[in-house]
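With mmCIF, C-alpha atoms inside, this is query-v1.cif:
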data_input
#
loop_
_atom_site.label_atom_id
_atom_site.label_comp_id
_atom_site.auth_asym_id
_atom_site.auth_seq_id
_atom_site.Cartn_x
_atom_site.Cartn_y
_atom_site.Cartn_z
CA MET A 27 -26.81 16.06 7.37
CA ASN A 28 -26.21 15.50 11.06
CA ASN A 29 -29.61 16.80 12.14
CA VAL A 30 -31.77 14.56 9.95
CA PRO A 31 -34.28 12.81 12.25
CA LYS A 32 -34.97 9.11 11.80
CA GLN A 33 -38.63 9.76 11.01
CA LEU A 34 -39.23 12.34 8.29
CA PRO A 35 -42.61 13.58 6.96
CA HIS A 36 -43.78 12.05 3.69
CA TYR A 37 -42.89 15.22 1.74
CA ILE A 38 -39.20 14.83 2.64
CA LYS A 39 -37.44 12.15 0.61
CA ASN A 40 -33.88 10.95 0.53
CA GLU A 41 -32.97 10.09 -3.05
CA ASN A 42 -29.51 8.87 -3.97
CA GLY A 43 -28.11 10.26 -0.75
CA GLU A 44 -29.73 13.67 -1.34
CA LEU A 45 -32.53 15.18 0.74
CA TRP A 46 -35.41 16.87 -1.11
CA LEU A 47 -38.49 18.75 0.06
CA THR A 48 -41.39 18.40 -2.38
CA GLU A 49 -44.27 20.84 -2.01
CA ASP A 50 -47.61 20.03 -3.65
CA GLU A 51 -49.46 22.99 -5.15
CA ARG A 52 -53.15 22.08 -5.53
CA GLU A 53 -52.34 18.63 -6.94
CA ASN A 54 -51.19 20.07 -10.28
CA LEU A 55 -47.74 21.37 -9.49
CA LYS A 56 -44.87 19.96 -7.47
CA ILE A 57 -42.01 22.21 -6.37
CA SER A 58 -38.88 20.47 -5.11
CA TYR A 59 -36.05 21.98 -3.09
CA ARG A 60 -32.70 20.28 -2.53
CA ILE A 61 -32.00 20.37 1.20
CA LYS A 62 -28.64 20.64 2.95
CA ASP A 63 -29.84 19.91 6.46
CA VAL A 64 -32.85 19.57 8.74
CA ILE A 65 -32.29 22.21 11.41
CA PHE A 66 -35.54 21.61 13.32
CA SER A 67 -38.46 19.21 12.96
CA ASP A 68 -41.32 18.72 15.41
CA GLN A 69 -45.08 18.50 15.69
CA SER A 70 -46.79 21.38 17.48
CA PRO A 71 -50.40 21.15 18.75
CA PHE A 72 -51.44 22.76 15.44
CA GLN A 73 -49.08 21.66 12.65
CA HIS A 74 -45.76 20.10 11.73
CA VAL A 75 -42.98 22.70 11.97
CA MET A 76 -39.63 22.48 10.21
CA ILE A 77 -36.64 24.72 9.65
CA LEU A 78 -34.68 23.43 6.67
CA ASP A 79 -31.42 24.65 5.20
CA SER A 80 -31.72 24.56 1.42
CA TYR A 81 -29.10 25.03 -1.28
CA ASP A 82 -30.64 27.91 -3.25
CA PHE A 83 -33.07 29.57 -0.82
CA GLY A 84 -31.10 29.27 2.41
CA ARG A 85 -32.97 28.46 5.60
CA MET A 86 -36.72 28.14 5.25
CA LEU A 87 -39.77 27.75 7.45
CA VAL A 88 -41.96 24.83 6.40
CA LEU A 89 -45.40 24.22 7.92
CA ASP A 90 -47.15 20.95 7.08
CA GLY A 91 -44.93 20.59 4.03
CA VAL A 92 -45.52 24.10 2.64
CA VAL A 93 -42.71 26.66 2.47
CA GLN A 94 -43.76 29.86 4.27
CA THR A 95 -40.66 32.02 4.00
CA THR A 96 -36.96 31.75 3.19
CA SER A 97 -33.75 33.57 3.95
CA ILE A 98 -33.23 34.64 0.34
CA ASP A 99 -36.54 36.41 -0.31
CA GLY A 100 -38.51 36.56 2.95
CA HIS A 101 -37.65 40.26 3.23
CA ILE A 102 -39.58 41.02 0.03
CA TYR A 103 -42.89 39.71 1.35
CA ASN A 104 -42.41 41.10 4.87
CA GLU A 105 -41.38 44.56 3.69
CA MET A 106 -44.27 44.79 1.24
CA ILE A 107 -46.95 43.71 3.72
CA SER A 108 -45.58 46.10 6.37
CA HIS A 109 -44.11 49.26 4.85
CA VAL A 110 -46.85 49.86 2.28
CA PRO A 111 -49.72 50.24 4.80
CA LEU A 112 -47.50 52.13 7.26
CA GLN A 113 -46.57 54.62 4.54
CA PHE A 114 -50.27 55.34 3.93
CA HIS A 115 -51.43 55.73 7.51
CA PRO A 116 -50.95 59.33 8.73
CA SER A 117 -49.85 58.40 12.27
CA PRO A 118 -49.67 54.69 13.13
CA LYS A 119 -49.32 54.24 16.88
CA LYS A 120 -50.90 50.86 17.55
CA VAL A 121 -50.42 48.00 15.07
CA LEU A 122 -51.89 44.50 15.12
CA ILE A 123 -50.34 41.60 13.20
CA ILE A 124 -52.43 38.46 12.86
CA GLY A 125 -50.22 35.51 11.98
CA GLY A 126 -46.67 36.33 11.00
CA GLY A 127 -45.08 33.73 13.26
CA ASP A 128 -41.74 34.10 11.48
CA CYS A 129 -41.58 37.59 13.10
CA GLY A 130 -40.57 39.20 9.78
CA ALA A 131 -43.54 41.58 9.57
CA ALA A 132 -43.17 42.62 13.23
CA ARG A 133 -39.48 43.23 12.62
CA GLU A 134 -40.33 45.63 9.76
CA VAL A 135 -43.08 47.44 11.70
CA ALA A 136 -40.65 47.96 14.58
CA LYS A 137 -38.47 50.10 12.29
CA TYR A 138 -41.01 52.93 12.69
CA LYS A 139 -40.23 54.96 15.80
CA GLU A 140 -43.72 56.50 15.90
CA VAL A 141 -45.28 53.05 16.43
CA GLU A 142 -45.83 52.63 20.16
CA GLU A 143 -47.40 49.16 20.37
CA ILE A 144 -47.16 46.07 18.17
CA HIS A 145 -49.48 43.21 19.04
CA MET A 146 -48.61 39.97 17.27
CA VAL A 147 -51.34 37.35 17.47
CA GLU A 148 -50.02 33.93 16.46
CA ILE A 149 -51.74 30.68 17.32
CA ASP A 150 -48.57 28.56 17.31
CA GLU A 151 -45.89 29.55 19.83
CA MET A 152 -43.50 26.93 18.47
CA VAL A 153 -43.28 28.77 15.13
CA VAL A 154 -42.23 31.99 16.84
CA ASP A 155 -39.68 30.27 19.06
CA VAL A 156 -37.95 28.32 16.29
CA CYS A 157 -37.89 31.27 13.88
CA LYS A 158 -36.33 33.54 16.49
CA GLU A 159 -33.67 30.91 17.16
CA HIS A 160 -33.07 29.29 13.77
CA LEU A 161 -34.33 31.73 11.09
CA THR A 162 -32.72 34.99 12.13
CA ASP A 163 -32.33 36.22 8.54
CA VAL A 164 -36.11 36.69 8.63
CA SER A 165 -36.91 37.21 12.31
CA GLY A 166 -33.84 39.18 13.30
CA ASN A 167 -34.28 37.38 16.63
CA LEU A 168 -36.92 40.02 17.35
CA SER A 169 -36.72 41.39 20.90
CA ASP A 170 -38.23 44.89 20.61
CA PRO A 171 -40.07 45.76 23.87
CA ARG A 172 -42.96 47.29 21.89
CA VAL A 173 -43.81 43.85 20.52
CA LYS A 174 -46.31 41.89 22.58
CA PHE A 175 -46.72 38.24 21.58
CA ILE A 176 -50.26 36.92 22.04
CA TYR A 177 -50.58 33.18 21.46
CA THR A 178 -54.20 32.64 20.54
CA ASP A 179 -56.58 32.26 17.61
CA GLY A 180 -56.63 35.45 15.54
CA VAL A 181 -60.25 34.94 14.45
CA ALA A 182 -61.42 34.82 18.07
CA PHE A 183 -59.08 37.63 19.15
CA ILE A 184 -60.33 40.17 16.62
CA LYS A 185 -63.93 39.70 17.75
CA GLU A 186 -63.00 41.06 21.18
CA HIS A 187 -61.75 44.44 19.93
CA GLU A 188 -63.42 47.59 18.65
CA ASN A 189 -61.91 50.93 17.60
CA THR A 190 -58.50 49.78 18.88
CA TYR A 191 -55.87 49.67 16.12
CA ASP A 192 -54.48 52.10 13.56
CA VAL A 193 -53.17 49.40 11.22
CA ILE A 194 -53.99 45.69 11.06
CA ILE A 195 -51.70 43.38 9.06
CA ILE A 196 -53.10 39.94 8.26
CA ASP A 197 -50.06 37.78 7.56
CA SER A 198 -51.86 34.48 7.07
CA SER A 199 -50.82 31.24 5.48
CA ASP A 200 -52.73 29.75 2.52
CA PRO A 201 -56.55 29.60 2.90
CA VAL A 202 -56.70 25.94 3.92
CA GLY A 203 -57.54 24.43 7.29
CA PRO A 204 -57.83 26.92 10.19
CA ALA A 205 -56.41 29.77 8.06
CA LYS A 206 -59.45 29.59 5.77
CA GLU A 207 -61.43 31.72 8.24
CA LEU A 208 -58.88 34.52 7.83
CA PHE A 209 -60.22 35.05 4.30
CA SER A 210 -63.93 35.21 5.19
CA TYR A 211 -66.26 38.22 4.98
CA GLU A 212 -67.13 37.82 8.67
CA PHE A 213 -63.48 38.01 9.66
CA TYR A 214 -62.86 41.13 7.56
CA SER A 215 -65.96 42.77 9.07
CA ASN A 216 -64.49 42.17 12.54
CA VAL A 217 -61.19 43.64 11.33
CA TYR A 218 -63.10 46.73 10.15
CA ARG A 219 -64.70 47.08 13.59
CA ALA A 220 -61.34 46.71 15.37
CA LEU A 221 -59.84 49.60 13.41
CA LYS A 222 -59.99 53.21 14.49
CA ASP A 223 -61.88 55.75 12.37
CA ASP A 224 -58.78 56.49 10.28
CA GLY A 225 -57.52 52.89 10.29
CA LEU A 226 -56.52 50.61 7.47
CA MET A 227 -55.78 46.94 6.99
CA VAL A 228 -53.74 44.84 4.60
CA CYS A 229 -53.73 41.12 3.87
CA GLN A 230 -51.86 38.83 1.55
CA SER A 231 -54.29 37.75 -1.15
CA GLN A 232 -52.41 34.94 -2.89
CA SER A 233 -51.12 34.45 -6.43
CA PRO A 234 -52.86 36.28 -9.31
CA ILE A 235 -51.59 33.46 -11.53
CA PHE A 236 -52.76 30.37 -9.63
CA HIS A 237 -55.27 31.66 -7.05
CA MET A 238 -57.33 34.26 -8.88
CA ASP A 239 -60.50 32.96 -7.22
CA VAL A 240 -59.06 33.72 -3.77
CA LEU A 241 -57.79 37.14 -4.84
CA LYS A 242 -61.13 38.14 -6.39
CA GLN A 243 -63.11 36.97 -3.35
CA THR A 244 -60.74 38.77 -0.98
CA HIS A 245 -60.96 41.98 -3.01
CA THR A 246 -64.75 41.72 -3.20
CA ASN A 247 -65.15 41.23 0.55
CA ILE A 248 -62.83 44.09 1.46
CA ASN A 249 -64.32 46.37 -1.18
CA LYS A 250 -67.79 45.83 0.32
CA LEU A 251 -66.64 46.78 3.81
CA PHE A 252 -64.16 49.60 3.25
CA PRO A 253 -64.84 52.84 1.38
CA TYR A 254 -61.33 52.68 -0.08
CA SER A 255 -59.56 49.53 -1.26
CA THR A 256 -56.83 48.59 -3.68
CA VAL A 257 -54.56 45.71 -4.72
CA TYR A 258 -50.81 45.80 -5.14
CA THR A 259 -48.22 43.18 -6.09
CA ALA A 260 -44.63 42.08 -5.56
CA THR A 261 -42.40 39.37 -6.96
CA VAL A 262 -41.57 36.73 -4.35
CA PRO A 263 -39.63 33.84 -6.00
CA THR A 264 -40.50 31.30 -3.29
CA TYR A 265 -44.25 31.53 -3.82
CA PRO A 266 -46.01 29.68 -6.67
CA GLY A 267 -46.07 31.84 -9.80
CA GLY A 268 -43.63 34.38 -8.36
CA LEU A 269 -46.15 37.22 -8.61
CA TRP A 270 -47.92 37.78 -5.29
CA SER A 271 -50.79 40.06 -4.32
CA PHE A 272 -51.77 42.15 -1.31
CA THR A 273 -55.09 43.91 -0.68
CA ILE A 274 -55.59 47.09 1.33
CA GLY A 275 -58.84 48.27 2.90
CA SER A 276 -58.93 51.78 4.37
CA LYS A 277 -61.49 53.94 6.16
CA ILE A 278 -59.90 57.12 4.79
CA PRO A 279 -58.60 58.04 1.30
CA LEU A 280 -55.29 56.40 0.48
CA SER A 281 -52.67 59.10 0.23
CA LEU A 282 -48.95 58.70 0.77
CA SER A 283 -47.58 60.91 3.51
CA LYS A 284 -45.09 63.39 2.04
CA SER A 285 -43.40 63.88 5.40
CA LYS A 286 -42.90 60.18 6.16
CA SER A 287 -39.71 58.47 5.03
CA ILE A 288 -39.06 54.79 4.36
CA PRO A 289 -36.55 53.29 6.82
CA ASN A 290 -33.05 53.31 5.34
CA ASP A 291 -32.33 49.64 6.02
CA THR A 292 -34.88 48.05 3.68
CA LYS A 293 -33.66 45.62 1.04
CA TYR A 294 -36.60 45.79 -1.38
CA VAL A 295 -38.98 48.67 -0.65
CA ASN A 296 -38.05 52.19 -1.76
CA ALA A 297 -40.00 55.20 -3.05
CA ASP A 298 -40.06 53.85 -6.61
CA VAL A 299 -41.30 50.41 -5.58
CA LEU A 300 -43.98 52.04 -3.43
CA LYS A 301 -45.40 53.81 -6.47
CA GLN A 302 -44.85 51.00 -8.98
CA CYS A 303 -46.46 48.20 -6.96
CA PHE A 304 -49.95 49.62 -7.59
CA GLN A 305 -49.48 49.51 -11.38
CA LEU A 306 -51.32 46.27 -12.15
CA PRO A 307 -50.94 44.14 -15.30
CA GLN A 308 -53.88 44.27 -17.70
CA PHE A 309 -55.20 40.76 -16.96
CA LEU A 310 -55.42 41.63 -13.28
CA LYS A 311 -57.19 44.93 -13.92
CA GLN A 312 -59.76 43.11 -16.02
CA GLN A 313 -60.37 40.44 -13.39
CA LEU A 314 -60.86 43.00 -10.62
#

Once more with this new file: its structure as structure tokens, please.
Amino acid sequence: MNNVPKQLPHYIKNENGELWLTEDERENLKISYRIKDVIFSDQSPFQHVMILDSYDFGRMLVLDGVVQTTSIDGHIYNEMISHVPLQFHPSPKKVLIIGGGDCGAAREVAKYKEVEEIHMVEIDEMVVDVCKEHLTDVSGNLSDPRVKFIYTDGVAFIKEHENTYDVIIIDSSDPVGPAKELFSYEFYSNVYRALKDDGLMVCQSQSPIFHMDVLKQTHTNINKLFPYSTVYTATVPTYPGGLWSFTIGSKIPLSLSKSKSIPNDTKYVNADVLKQCFQLPQFLKQQL
């Protein structure tokens, strides 16, 4: 553990010569990861940023003590939040990603040749820089010229745009602190306004197991604004509960393009997954 700094955050503990990251989930659940090494650790103007190398999940991005993505399963989340909406939009040319500092979603969107512009709005430049350098399993050290990095507040940015984007991907962290606004009705209404007449949006809407209140509120807000909306799920082992949800809002009927193919270098998404992910378990159907 040559890179372990002298001062570690309180959620990193060295026990019996072993380094452990312990993540608190709403005060009722603690998830601990055995850590090989601290690759990067620093305080940005917005949050504490770490890249850790773990034994079972590989390298991981940790923000303020919460695991955001890992080498072993980051592709699942990023493929599902990117390929699903892009498969529904008839001709996505201009895509906006709000959040997504690990660059994983932008990396997936860039696999579509018909996409001409990818705007990635991330408030914390440090996250992008360290993920491009130290978390390449997720970021792919993204350098596609179609990707424009915009380091600003996504809530403020979206207010400045109208009828601009074909697809908007909201790749936010948990709804605490500044990210809480990314789950508000006002924010989603600004997203609606920023979309073109045939546009659609997608957001991560938390765990159906542990965060049903957030999922229901997200679905309600989007359902009020968009004439067409739906929820789909994926299994992401890193996230609490494993089962994770995404919510789509669309201005046009949701219909998969028969002429569009899924990129051949995906690890999780294929035609079968694309159809299956909308088949919700009964408890979730009843709640929504």

Q) What lies within 8 Å of Lys119 in chain A using all atoms listed in the file, ignoring chain neighbours under 4 positions off, as an NGL selection string? A) :A and (140-143 or 192)

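Among the candidate residues A:Gln302, A:Thr264, A:Asn249, A:Asn42, the one lying nearest to Lys277 in chain A is A:Asn249, with distances computed using all atoms listed in the file.
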
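Residues matched by the PyMOL selection byres ((chain A and resi 65) around 7) in this file are Asn29, Asp63, Val64, Phe66, Ile77, Leu78 and Asp79 of chain A.
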
Q. Mind pulling up the distance from CA of Trp270 in chain A to CA of Tyr218 in chain A?
A.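 These two atoms are separated by 23.4 Å.
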
Q.
Please determine, counting all atoms listed in the file, which residue among A:Pro279, A:Gly100, A:Gly268, A:Pro234 has the shortest atom-to-atom distance to Leu306 in chain A.
A.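 Nearest candidate to Leu306 in chain A out of A:Pro279, A:Gly100, A:Gly268, A:Pro234: A:Pro234.
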
Q: With the file shown as input, list the residues that the PyMOL selection byres ((chain A and resi 187) around 10) selects, as a ChimeraX atom specification.
A: /A:182-186,188-191,216-217,219-221

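When the PyMOL selection byres ((chain A and resi 67) around 10) is run on the displayed coordinates, the residues it returns are A:Asn29, A:Val30, A:Pro31, A:Gln33, A:Leu34, A:Pro35, A:Val64, A:Ile65, A:Phe66, A:Asp68, A:Gln69, A:Ser70, A:His74, A:Val75, A:Met76, A:Ile77, A:Leu78, A:Val88, A:Leu89, A:Val156.
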
Q: Would you please work out which residue, of A:Lys56, A:Lys120, A:Lys174, A:Lys158, is nearest to Ile194 in chain A when using all atoms listed in the file?
A: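 Checking each candidate against Ile194 in chain A, we get A:Lys120 as the closest.
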
Rebuild range 86-115 of chain A to N, CA and C atoms - output it as a PDB file, in the frame of the given file, please.
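Contents of selection.pdb, as written:
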ATOM      1  N   MET A  86     -35.308  27.907   5.558  1.00  0.00           N
ATOM      2  CA  MET A  86     -36.720  28.140   5.250  1.00  0.00           C
ATOM      3  C   MET A  86     -37.607  27.570   6.349  1.00  0.00           C
ATOM      4  N   LEU A  87     -38.732  28.240   6.546  1.00  0.00           N
ATOM      5  CA  LEU A  87     -39.770  27.750   7.450  1.00  0.00           C
ATOM      6  C   LEU A  87     -40.768  26.954   6.645  1.00  0.00           C
ATOM      7  N   VAL A  88     -41.030  25.720   7.096  1.00  0.00           N
ATOM      8  CA  VAL A  88     -41.960  24.830   6.400  1.00  0.00           C
ATOM      9  C   VAL A  88     -43.025  24.370   7.386  1.00  0.00           C
ATOM     10  N   LEU A  89     -44.280  24.628   7.076  1.00  0.00           N
ATOM     11  CA  LEU A  89     -45.400  24.220   7.920  1.00  0.00           C
ATOM     12  C   LEU A  89     -46.258  23.217   7.171  1.00  0.00           C
ATOM     13  N   ASP A  90     -46.381  22.019   7.728  1.00  0.00           N
ATOM     14  CA  ASP A  90     -47.150  20.950   7.080  1.00  0.00           C
ATOM     15  C   ASP A  90     -46.752  20.764   5.621  1.00  0.00           C
ATOM     16  N   GLY A  91     -45.459  20.861   5.364  1.00  0.00           N
ATOM     17  CA  GLY A  91     -44.930  20.590   4.030  1.00  0.00           C
ATOM     18  C   GLY A  91     -44.955  21.750   3.072  1.00  0.00           C
ATOM     19  N   VAL A  92     -45.421  22.935   3.513  1.00  0.00           N
ATOM     20  CA  VAL A  92     -45.520  24.100   2.640  1.00  0.00           C
ATOM     21  C   VAL A  92     -44.526  25.167   3.090  1.00  0.00           C
ATOM     22  N   VAL A  93     -43.695  25.625   2.161  1.00  0.00           N
ATOM     23  CA  VAL A  93     -42.710  26.660   2.470  1.00  0.00           C
ATOM     24  C   VAL A  93     -43.431  27.978   2.737  1.00  0.00           C
ATOM     25  N   GLN A  94     -43.126  28.596   3.878  1.00  0.00           N
ATOM     26  CA  GLN A  94     -43.760  29.860   4.270  1.00  0.00           C
ATOM     27  C   GLN A  94     -42.876  31.063   3.974  1.00  0.00           C
ATOM     28  N   THR A  95     -41.587  30.929   4.247  1.00  0.00           N
ATOM     29  CA  THR A  95     -40.660  32.020   4.000  1.00  0.00           C
ATOM     30  C   THR A  95     -39.249  31.457   3.949  1.00  0.00           C
ATOM     31  N   THR A  96     -38.348  32.197   3.313  1.00  0.00           N
ATOM     32  CA  THR A  96     -36.960  31.750   3.190  1.00  0.00           C
ATOM     33  C   THR A  96     -36.008  32.916   3.436  1.00  0.00           C
ATOM     34  N   SER A  97     -34.768  32.560   3.696  1.00  0.00           N
ATOM     35  CA  SER A  97     -33.750  33.570   3.950  1.00  0.00           C
ATOM     36  C   SER A  97     -33.492  34.456   2.737  1.00  0.00           C
ATOM     37  N   ILE A  98     -33.626  33.894   1.533  1.00  0.00           N
ATOM     38  CA  ILE A  98     -33.230  34.640   0.340  1.00  0.00           C
ATOM     39  C   ILE A  98     -34.249  35.682  -0.084  1.00  0.00           C
ATOM     40  N   ASP A  99     -35.538  35.441   0.179  1.00  0.00           N
ATOM     41  CA  ASP A  99     -36.540  36.410  -0.310  1.00  0.00           C
ATOM     42  C   ASP A  99     -37.646  36.727   0.703  1.00  0.00           C
ATOM     43  N   GLY A 100     -37.501  36.258   1.941  1.00  0.00           N
ATOM     44  CA  GLY A 100     -38.510  36.560   2.950  1.00  0.00           C
ATOM     45  C   GLY A 100     -38.673  38.051   3.187  1.00  0.00           C
ATOM     46  N   HIS A 101     -37.572  38.806   3.014  1.00  0.00           N
ATOM     47  CA  HIS A 101     -37.650  40.260   3.230  1.00  0.00           C
ATOM     48  C   HIS A 101     -38.581  40.940   2.244  1.00  0.00           C
ATOM     49  N   ILE A 102     -38.717  40.391   1.035  1.00  0.00           N
ATOM     50  CA  ILE A 102     -39.580  41.020   0.030  1.00  0.00           C
ATOM     51  C   ILE A 102     -41.024  41.023   0.526  1.00  0.00           C
ATOM     52  N   TYR A 103     -41.516  39.844   0.867  1.00  0.00           N
ATOM     53  CA  TYR A 103     -42.890  39.710   1.350  1.00  0.00           C
ATOM     54  C   TYR A 103     -43.105  40.546   2.614  1.00  0.00           C
ATOM     55  N   ASN A 104     -42.218  40.426   3.586  1.00  0.00           N
ATOM     56  CA  ASN A 104     -42.410  41.100   4.870  1.00  0.00           C
ATOM     57  C   ASN A 104     -42.327  42.620   4.740  1.00  0.00           C
ATOM     58  N   GLU A 105     -41.449  43.116   3.897  1.00  0.00           N
ATOM     59  CA  GLU A 105     -41.380  44.560   3.690  1.00  0.00           C
ATOM     60  C   GLU A 105     -42.632  45.072   2.980  1.00  0.00           C
ATOM     61  N   MET A 106     -43.122  44.319   2.008  1.00  0.00           N
ATOM     62  CA  MET A 106     -44.270  44.790   1.240  1.00  0.00           C
ATOM     63  C   MET A 106     -45.569  44.751   2.044  1.00  0.00           C
ATOM     64  N   ILE A 107     -45.717  43.779   2.931  1.00  0.00           N
ATOM     65  CA  ILE A 107     -46.950  43.710   3.720  1.00  0.00           C
ATOM     66  C   ILE A 107     -46.908  44.672   4.904  1.00  0.00           C
ATOM     67  N   SER A 108     -45.737  45.218   5.210  1.00  0.00           N
ATOM     68  CA  SER A 108     -45.580  46.100   6.370  1.00  0.00           C
ATOM     69  C   SER A 108     -45.417  47.568   5.980  1.00  0.00           C
ATOM     70  N   HIS A 109     -44.430  47.863   5.153  1.00  0.00           N
ATOM     71  CA  HIS A 109     -44.110  49.260   4.850  1.00  0.00           C
ATOM     72  C   HIS A 109     -45.198  49.940   4.024  1.00  0.00           C
ATOM     73  N   VAL A 110     -45.838  49.225   3.131  1.00  0.00           N
ATOM     74  CA  VAL A 110     -46.850  49.860   2.280  1.00  0.00           C
ATOM     75  C   VAL A 110     -47.996  50.433   3.124  1.00  0.00           C
ATOM     76  N   PRO A 111     -48.654  49.642   3.989  1.00  0.00           N
ATOM     77  CA  PRO A 111     -49.720  50.240   4.800  1.00  0.00           C
ATOM     78  C   PRO A 111     -49.224  51.317   5.761  1.00  0.00           C
ATOM     79  N   LEU A 112     -48.029  51.149   6.312  1.00  0.00           N
ATOM     80  CA  LEU A 112     -47.500  52.130   7.260  1.00  0.00           C
ATOM     81  C   LEU A 112     -47.150  53.446   6.572  1.00  0.00           C
ATOM     82  N   GLN A 113     -46.841  53.393   5.290  1.00  0.00           N
ATOM     83  CA  GLN A 113     -46.570  54.620   4.540  1.00  0.00           C
ATOM     84  C   GLN A 113     -47.862  55.379   4.227  1.00  0.00           C
ATOM     85  N   PHE A 114     -48.992  54.690   4.218  1.00  0.00           N
ATOM     86  CA  PHE A 114     -50.270  55.340   3.930  1.00  0.00           C
ATOM     87  C   PHE A 114     -50.948  55.894   5.173  1.00  0.00           C
ATOM     88  N   HIS A 115     -50.752  55.240   6.312  1.00  0.00           N
ATOM     89  CA  HIS A 115     -51.430  55.730   7.510  1.00  0.00           C
ATOM     90  C   HIS A 115     -50.755  57.011   8.011  1.00  0.00           C
TER      91      HIS A 115
END
